[in-house]
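Here is the structure we will look at, set down as structure tokens.
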Amino acid sequence: MNSGLPASAAPLGGVGIPGVKVKFCRYYAKDKTCFYGDECQFLHEDPSMASLSLHGGGTGAGGGGSPVSLSLAGGAVTAGYGGALNDASLTNSYFSSTFIGVNGFGDLKTFSMCPLHFLDPVNSPTSSLFGDFGALSISQRRKAPNPTASEFVPKGAPRMASMSQTTVPAFTSPIFPHPGLSSSTAAALAPGMSLSAGSSPLHSPKITPHTSPAPRRRSHTPNPNPNPANYMVPTTASDQGGGAHVIQKETVGGTTYFYTDNTPAPLAGMVFPTYHMYPQTAPHVAYMQPKANAPSFFMADELRQELINRHLITMAQIDQSENPGVPSEVDSYHSLFPLEPLPPPNRLQKTSNFSYITSCYKAVNSKDDLPYCLRRIHGFRLVNTKCMMLVDMWKKIQHSNTVTLREVFTTKAFGDHSLVFSYDFHAGAETMFSRHFNDPAADSYFTKRKWGQHELPPPRQHAGLLPESLIWAYIVQLSSALRTIHTAGLACRVMDPSKILITGKTRLRVNCVGMFDVLTFDNSQTNHLALMPQYQQADLISLGKVVLALACNSLAGIKRENLQKAMELVSINYSSDLKNLILYLLSEQSRLRSVNDIMPMIGARFYTQLDASQMRNDVIEEDLAKEVQNGRLFRLLAKLGTINERPEFQKDPTWSETGDRYLLKLFRDHLFHQVTEAGTPWIDLSHIVSCLNKLDAGVPEKISLVSRDEKSVLVVTYSDLKRCFESTFQELLATTNGPL
């Protein structure tokens with residue numbers, strides 16, 4: 001019976017037995033010396049003398065030359081040798097690691113024929129041999145891993161090719177080396193080699209470790225599709241203990257080279273899926289989810305709806321015939337869409353902030369096809385371009401809590417001399433005024449009561465007032481924006497609830513920055529930045545008014561006559577830190593104040609906002625990970641749709657019903673047209689996703705494709721289907737790119 005061992009290892013009776021070396025040392029056979037000495041993994045004997053001792057002795061137990069017989073229940077494995085060894089037979093292939101290589105057992109196809117399931121590890125005289133295989137964790141009771149998403153694990157994945165017709169149990173290697181692997185066994189292995197490295201689990205076929213260290217040593221180019229297994233720690237005992245270097249050898253043209261391989265070897269038994277899968281939600285995100293029935297394949301409904309609304313606003317257009325006052329093009333911008341209601345020409349009013357009539361539009365720049373927000377100043381004639389120096393300073397400011405100014409230009413497209421400011425467009429944003437100060441009933445506490453009316457009780461937090469955590473979140477963002485602006489030597493000058501945009505739940509951006517610098521530019525001044533320190537002090541006072549208005553949930557609270565009443569309301573409902581911050585910002589100081597002065601008042605609340613921001617980032621990344629797989633599957637379905645049911649191709653009306661296209665048609669039915677035993681449609685999204693992932697990876701799993709008349713059953717693998725799919729689609733592309 002074939003033992004499954006390499007022929008070159010047959011004369012050495014100690015194969016697989018700890019402490020017994022399996023091959024003759026090439027250098028000792030020629031020069032009678034070896035660089036490694038006693039630590040050499042090969043046998044230091046003369047091959048010719050060893051062959052005589054193998055065949056010259058008797059067959060008894062005392063005969064030193066008797067072949068070693070490994071008695072197995074299913075037969076005997078005789079490690080005999082039929083002929084003597086000579087120098088000519090000592091080739092490179094003879095000394096290559098055929099049996100124990102870098103990938104463990106080398107050729108598993110040959111080794112798998114050995115009936116290991118007949119071994120008795122206790123009573124068999126070859127228990128020492130069985131101990132060497134203890135690292136493989138051979139057990140019929142052990143099953144493959146069973147993740148939660150079991151519908152995405154291949155059902156009945158085929159075993160290795162050589163084991164498909166035998167009853168040999170699968171070698172499911174553990175993640176860490178088996179404790180049964182003794183030190184003597186580890187010492188018998190070559191450096192960088194592991195017995196458990198060549199095993200292959202049931203659910204991950206086709207993972208073939210590299211047996212040659214040369215590709216790993218020579219390849220220094222980053223791999224666009226890296227295998228995580230190639231970056232794990234080495235599996236040798238020396239590397240696990242002290243991180244020693246692995247000495248490798250390579251024979252080229254009869255010359256053997258020794259080198260130190262610093263590349264980490266794959267971890268023994270590491271198993272990765274052979275096709276893309278949807279992993280479970282990360283635990284740190286799963287425990288954050290407020291909804292237990294959140295979708296598992298797609299992003300959260302709330303985030304999806306928010307993104308859809310942003311896309312709708314970004315793509316919105318107007319009917320030009322019904323809005324003749326809106327020009328079709330303004331400078332390099334087109335597709336103008338008003339973001340604010342356009343009042344009649346006779347009812348235009350000046351804004352309280354800029355003292356000019358303004359209007360706001362969404363437009364697309366023809367230079368980069370990106371949407372921008374255009375703020376138009378009606379009837380403004382720019383007489384001097386020296387203010388563009390300040391505009392250039394504003395263009396350089398990039399901050400997460402400011403709306404970036406892109407350019408400023410004049411135009412006559414609206415029928416007058418207009419000045420236009422171009423800003424980044426943030427779809428779906430609303431002003432702080434419209435979100436928090438649009439309720440007239442909120443001012444009732446500060447309005448004068450009529451005769452006979454009782455004094456209204458002050459509102460309470462969470463029952464008419466904003467939560468303090470939300471106010472601190474706004475303070476952190478607004479102070480961060482002011483800090484960046486002031487550091488650049490500029491002043492905001494638009495710290496007003498009507499000019500602060502809110503996107504999402506709590507994200508703030510200061511809008512209309514730089515407009516005051518252009519509208520109030522004085523040509524008579526030689527130093528146009530001389531008044532910036534005064535404007536920066538005004539920014540701090542404006543910030544204090546915004547915070548006080550948020551704490552009172554009313555703009556009436558920042559009026560001078562209501563200031564004392566508003567501070568009493570803050571003292572009752574909020575912490576002393578918030579009260580002290582408002583007082584510091586609103587009070588006049590003898591020295592110049594800085595936005596950095598309020599950082600100690602914010603204190604550890606800054607870390608709370610940072611933590612909330614990072615947790616939000618984790619949730620969004622988890623939703624993005626789902627859409628990554630969905631986009632890949634959509635491209636796969638798009639290609640499949642161009643092939644199935646094509647009525648004609650190159651004047652052949654039966655093209656989609658013959659050859660490889662017929663297999664893809666049956667696969668389409670297997671994918672979408674499954675039915676139950678009762679004949680009713682069977683709709684299972686996990687089945688569709690699992691099959692598409694297997695097709696994309698081309699796994700060797702077999703499936704049965706049944707024709708619609710149920711007269712033909714084709715058994716194919718996903719790798720065959722992928723080959724048919726790619727060749728057919730390339731045929732379509734070749735015809736599309738070629739002559740008609």
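We name chains A, B, ... following the order of the structure tokens; residues begin at 1 in each chain, and ligands are numbered from 1 as shown.
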
Listing only residues of stretch 416-451 of chain A within 12 Å of stretch 518-521 of chain A, what is the closest atom pair and its distance in Å (to one decimal) for each, using only C-alpha atoms, sorted by chain and residue number ascending, as JSON lines?
```
{"residue": "A:Ser418", "atom": "CA", "partner": "A:Leu519", "partner_atom": "CA", "distance": 11.9}
{"residue": "A:Leu419", "atom": "CA", "partner": "A:Leu519", "partner_atom": "CA", "distance": 9.5}
{"residue": "A:Val420", "atom": "CA", "partner": "A:Val518", "partner_atom": "CA", "distance": 11.0}
{"residue": "A:Phe421", "atom": "CA", "partner": "A:Val518", "partner_atom": "CA", "distance": 10.0}
```

Do you know which residues are at most 8 Å from A:Gly557 counting only C-alpha atoms, after dropping those on the same chain fewer than 3 positions away, and could you put them as a ChimeraX atom specification?
/A:446,548-549,552,554,562-563,565-566

Create the file for the chosen residues now, containing C-alpha atoms and written as an mmCIF file, in the first residue's frame.
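This went into result.cif:
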```cif
data_model
loop_
_atom_site.group_PDB
_atom_site.id
_atom_site.type_symbol
_atom_site.label_atom_id
_atom_site.label_comp_id
_atom_site.auth_asym_id
_atom_site.auth_seq_id
_atom_site.Cartn_x
_atom_site.Cartn_y
_atom_site.Cartn_z
ATOM 1 C CA PHE A 446 -39.895 87.846 28.228
ATOM 2 C CA LEU A 548 -27.506 83.454 25.850
ATOM 3 C CA ALA A 549 -30.220 83.238 23.208
ATOM 4 C CA CYS A 552 -33.163 81.202 26.899
ATOM 5 C CA SER A 554 -35.530 83.065 22.646
ATOM 6 C CA ASN A 562 -34.443 91.475 29.450
ATOM 7 C CA LEU A 563 -30.794 90.754 30.202
ATOM 8 C CA LYS A 565 -34.221 88.198 33.632
ATOM 9 C CA ALA A 566 -32.392 86.025 31.107
#
```

Using only C-alpha atoms for the distances, tell me which of A:Pro681, A:Pro647, A:Pro338, A:Pro497 is nearest to A:Asn353.
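Of the candidates, the smallest distance to A:Asn353 is held by A:Pro497.
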
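You will find atom CA of A:Thr281 at 25.5 Å from atom CA of A:Arg507.
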
Per DSSP on the backbone, filter stretch 550-642 of chain A down to the residues in alpha helix (DSSP H) and report them as a ChimeraX atom specification.
/A:550-552,563-573,576-586,599-602,605-642

File of the preceding selection, C-alpha atoms, as a JSON list (two decimals), in the first residue's frame:
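Written file, again_17.json:
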```json
[["chain", "number", "residue", "atom", "x", "y", "z"],
["A", 550, "LEU", "CA", -29.76, 79.47, 23.04],
["A", 551, "ALA", "CA", -29.95, 79.17, 26.83],
["A", 552, "CYS", "CA", -33.16, 81.20, 26.90],
["A", 563, "LEU", "CA", -30.79, 90.75, 30.20],
["A", 564, "GLN", "CA", -31.18, 90.42, 33.99],
["A", 565, "LYS", "CA", -34.22, 88.20, 33.63],
["A", 566, "ALA", "CA", -32.39, 86.03, 31.11],
["A", 567, "MET", "CA", -29.39, 85.54, 33.41],
["A", 568, "GLU", "CA", -31.71, 84.48, 36.24],
["A", 569, "LEU", "CA", -33.20, 81.90, 33.90],
["A", 570, "VAL", "CA", -29.72, 80.61, 33.11],
["A", 571, "SER", "CA", -28.80, 80.43, 36.80],
["A", 572, "ILE", "CA", -31.86, 78.34, 37.60],
["A", 573, "ASN", "CA", -31.62, 75.82, 34.78],
["A", 576, "SER", "CA", -22.42, 77.83, 36.83],
["A", 577, "ASP", "CA", -19.82, 77.23, 34.09],
["A", 578, "LEU", "CA", -22.31, 78.19, 31.40],
["A", 579, "LYS", "CA", -23.37, 81.25, 33.35],
["A", 580, "ASN", "CA", -19.77, 82.36, 33.90],
["A", 581, "LEU", "CA", -18.97, 81.88, 30.22],
["A", 582, "ILE", "CA", -21.90, 84.08, 29.17],
["A", 583, "LEU", "CA", -20.94, 86.76, 31.68],
["A", 584, "TYR", "CA", -17.32, 86.73, 30.54],
["A", 585, "LEU", "CA", -18.29, 87.12, 26.88],
["A", 586, "LEU", "CA", -20.85, 89.87, 27.42],
["A", 599, "MET", "CA", -11.18, 77.09, 26.91],
["A", 600, "PRO", "CA", -10.83, 76.54, 30.70],
["A", 601, "MET", "CA", -14.54, 77.24, 31.06],
["A", 602, "ILE", "CA", -15.34, 74.55, 28.50],
["A", 605, "ARG", "CA", -16.81, 69.04, 28.01],
["A", 606, "PHE", "CA", -14.55, 69.28, 25.01],
["A", 607, "TYR", "CA", -13.68, 65.59, 25.43],
["A", 608, "THR", "CA", -17.37, 64.75, 25.60],
["A", 609, "GLN", "CA", -17.92, 66.39, 22.22],
["A", 610, "LEU", "CA", -14.86, 64.68, 20.79],
["A", 611, "ASP", "CA", -16.12, 61.31, 22.01],
["A", 612, "ALA", "CA", -19.57, 61.92, 20.52],
["A", 613, "SER", "CA", -18.00, 62.92, 17.20],
["A", 614, "GLN", "CA", -15.88, 59.78, 17.03],
["A", 615, "MET", "CA", -18.80, 57.54, 17.95],
["A", 616, "ARG", "CA", -20.81, 59.15, 15.18],
["A", 617, "ASN", "CA", -17.92, 58.49, 12.83],
["A", 618, "ASP", "CA", -17.93, 54.80, 13.82],
["A", 619, "VAL", "CA", -21.62, 54.49, 13.01],
["A", 620, "ILE", "CA", -21.23, 56.15, 9.62],
["A", 621, "GLU", "CA", -18.21, 53.98, 8.76],
["A", 622, "GLU", "CA", -20.22, 50.88, 9.61],
["A", 623, "ASP", "CA", -22.99, 52.01, 7.28],
["A", 624, "LEU", "CA", -20.42, 52.79, 4.59],
["A", 625, "ALA", "CA", -18.96, 49.27, 4.88],
["A", 626, "LYS", "CA", -22.35, 47.83, 3.95],
["A", 627, "GLU", "CA", -22.61, 49.96, 0.86],
["A", 628, "VAL", "CA", -19.13, 48.94, -0.30],
["A", 629, "GLN", "CA", -20.32, 45.38, -0.84],
["A", 630, "ASN", "CA", -23.60, 46.54, -2.34],
["A", 631, "GLY", "CA", -21.84, 48.59, -4.98],
["A", 632, "ARG", "CA", -19.72, 45.63, -6.00],
["A", 633, "LEU", "CA", -22.74, 43.35, -6.31],
["A", 634, "PHE", "CA", -24.60, 45.97, -8.34],
["A", 635, "ARG", "CA", -21.80, 46.05, -10.91],
["A", 636, "LEU", "CA", -21.92, 42.27, -11.05],
["A", 637, "LEU", "CA", -25.68, 42.30, -11.67],
["A", 638, "ALA", "CA", -25.28, 45.02, -14.31],
["A", 639, "LYS", "CA", -22.85, 42.84, -16.25],
["A", 640, "LEU", "CA", -25.09, 39.81, -15.86],
["A", 641, "GLY", "CA", -28.06, 41.79, -17.15],
["A", 642, "THR", "CA", -26.24, 42.69, -20.35]]
```

As a ChimeraX atom specification, please: every residue in stretch 482-638 of chain A that DSSP puts in strand (DSSP E).
/A:500-503,507-510

What does the distance between atom CA of A:Gly379 and atom CA of A:Met515 come to in Å, to one decimal place?
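Separating atom CA of A:Gly379 from atom CA of A:Met515 is a distance of 14.9 Å.
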
Would you pick out the contacts of A:Thr411 at 12 Å or less, using only C-alpha atoms, so that residues sharing its chain but fewer than 3 positions from it are not included, and give the list as a VMD selection string?
chain A and resid 327 329 to 333 374 376 to 382 408 414 to 421

One decimal, in Å: what's the spacing between atom CA of A:Leu732 and atom CA of A:Gln650?
9.9 Å

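Summary of the local environment: counting only C-alpha atoms, residues at most 12 Å from A:Gln534, other than itself and those fewer than 3 positions away along its chain, are His486, Gly489, Leu490, Ala491, Cys492, Arg493, Leu529, Ala530, Leu531, Gln537, Ala538, Asp539, Leu540, Ile541, Arg591, Leu592, Arg593 and Ser594 of chain A.
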
So that I have them on file, write out the residues from the current selection with C-alpha atoms, as a tab-separated table (two decimals), in the first residue's frame.
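Now in selection21.tsv:
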```
chain	number	residue	atom	x	y	z
A	486	HIS	CA	-8.72	85.02	14.64
A	489	GLY	CA	-5.68	87.70	11.48
A	490	LEU	CA	-9.32	88.08	10.40
A	491	ALA	CA	-12.64	88.63	12.15
A	492	CYS	CA	-15.89	86.74	11.61
A	493	ARG	CA	-18.33	89.69	12.01
A	529	LEU	CA	-6.03	95.03	9.16
A	530	ALA	CA	-5.65	97.68	11.85
A	531	LEU	CA	-9.25	97.38	13.00
A	537	GLN	CA	-13.61	91.63	20.41
A	538	ALA	CA	-17.01	92.19	18.82
A	539	ASP	CA	-17.01	88.53	17.72
A	540	LEU	CA	-16.72	87.43	21.35
A	541	ILE	CA	-19.63	89.64	22.37
A	591	ARG	CA	-7.65	94.16	28.32
A	592	LEU	CA	-8.08	92.50	24.97
A	593	ARG	CA	-9.75	89.16	25.33
A	594	SER	CA	-9.07	86.04	23.29
```

Need the shell around A:Ser400: protein/DNA/RNA residues with any atom at most 10 Å away, counting only C-alpha atoms. Skip same-chain ones fewer than 3 positions apart. Format as an MDAnalysis selection string?
chainID A and resid 397 403:404 477 480:481 507:510
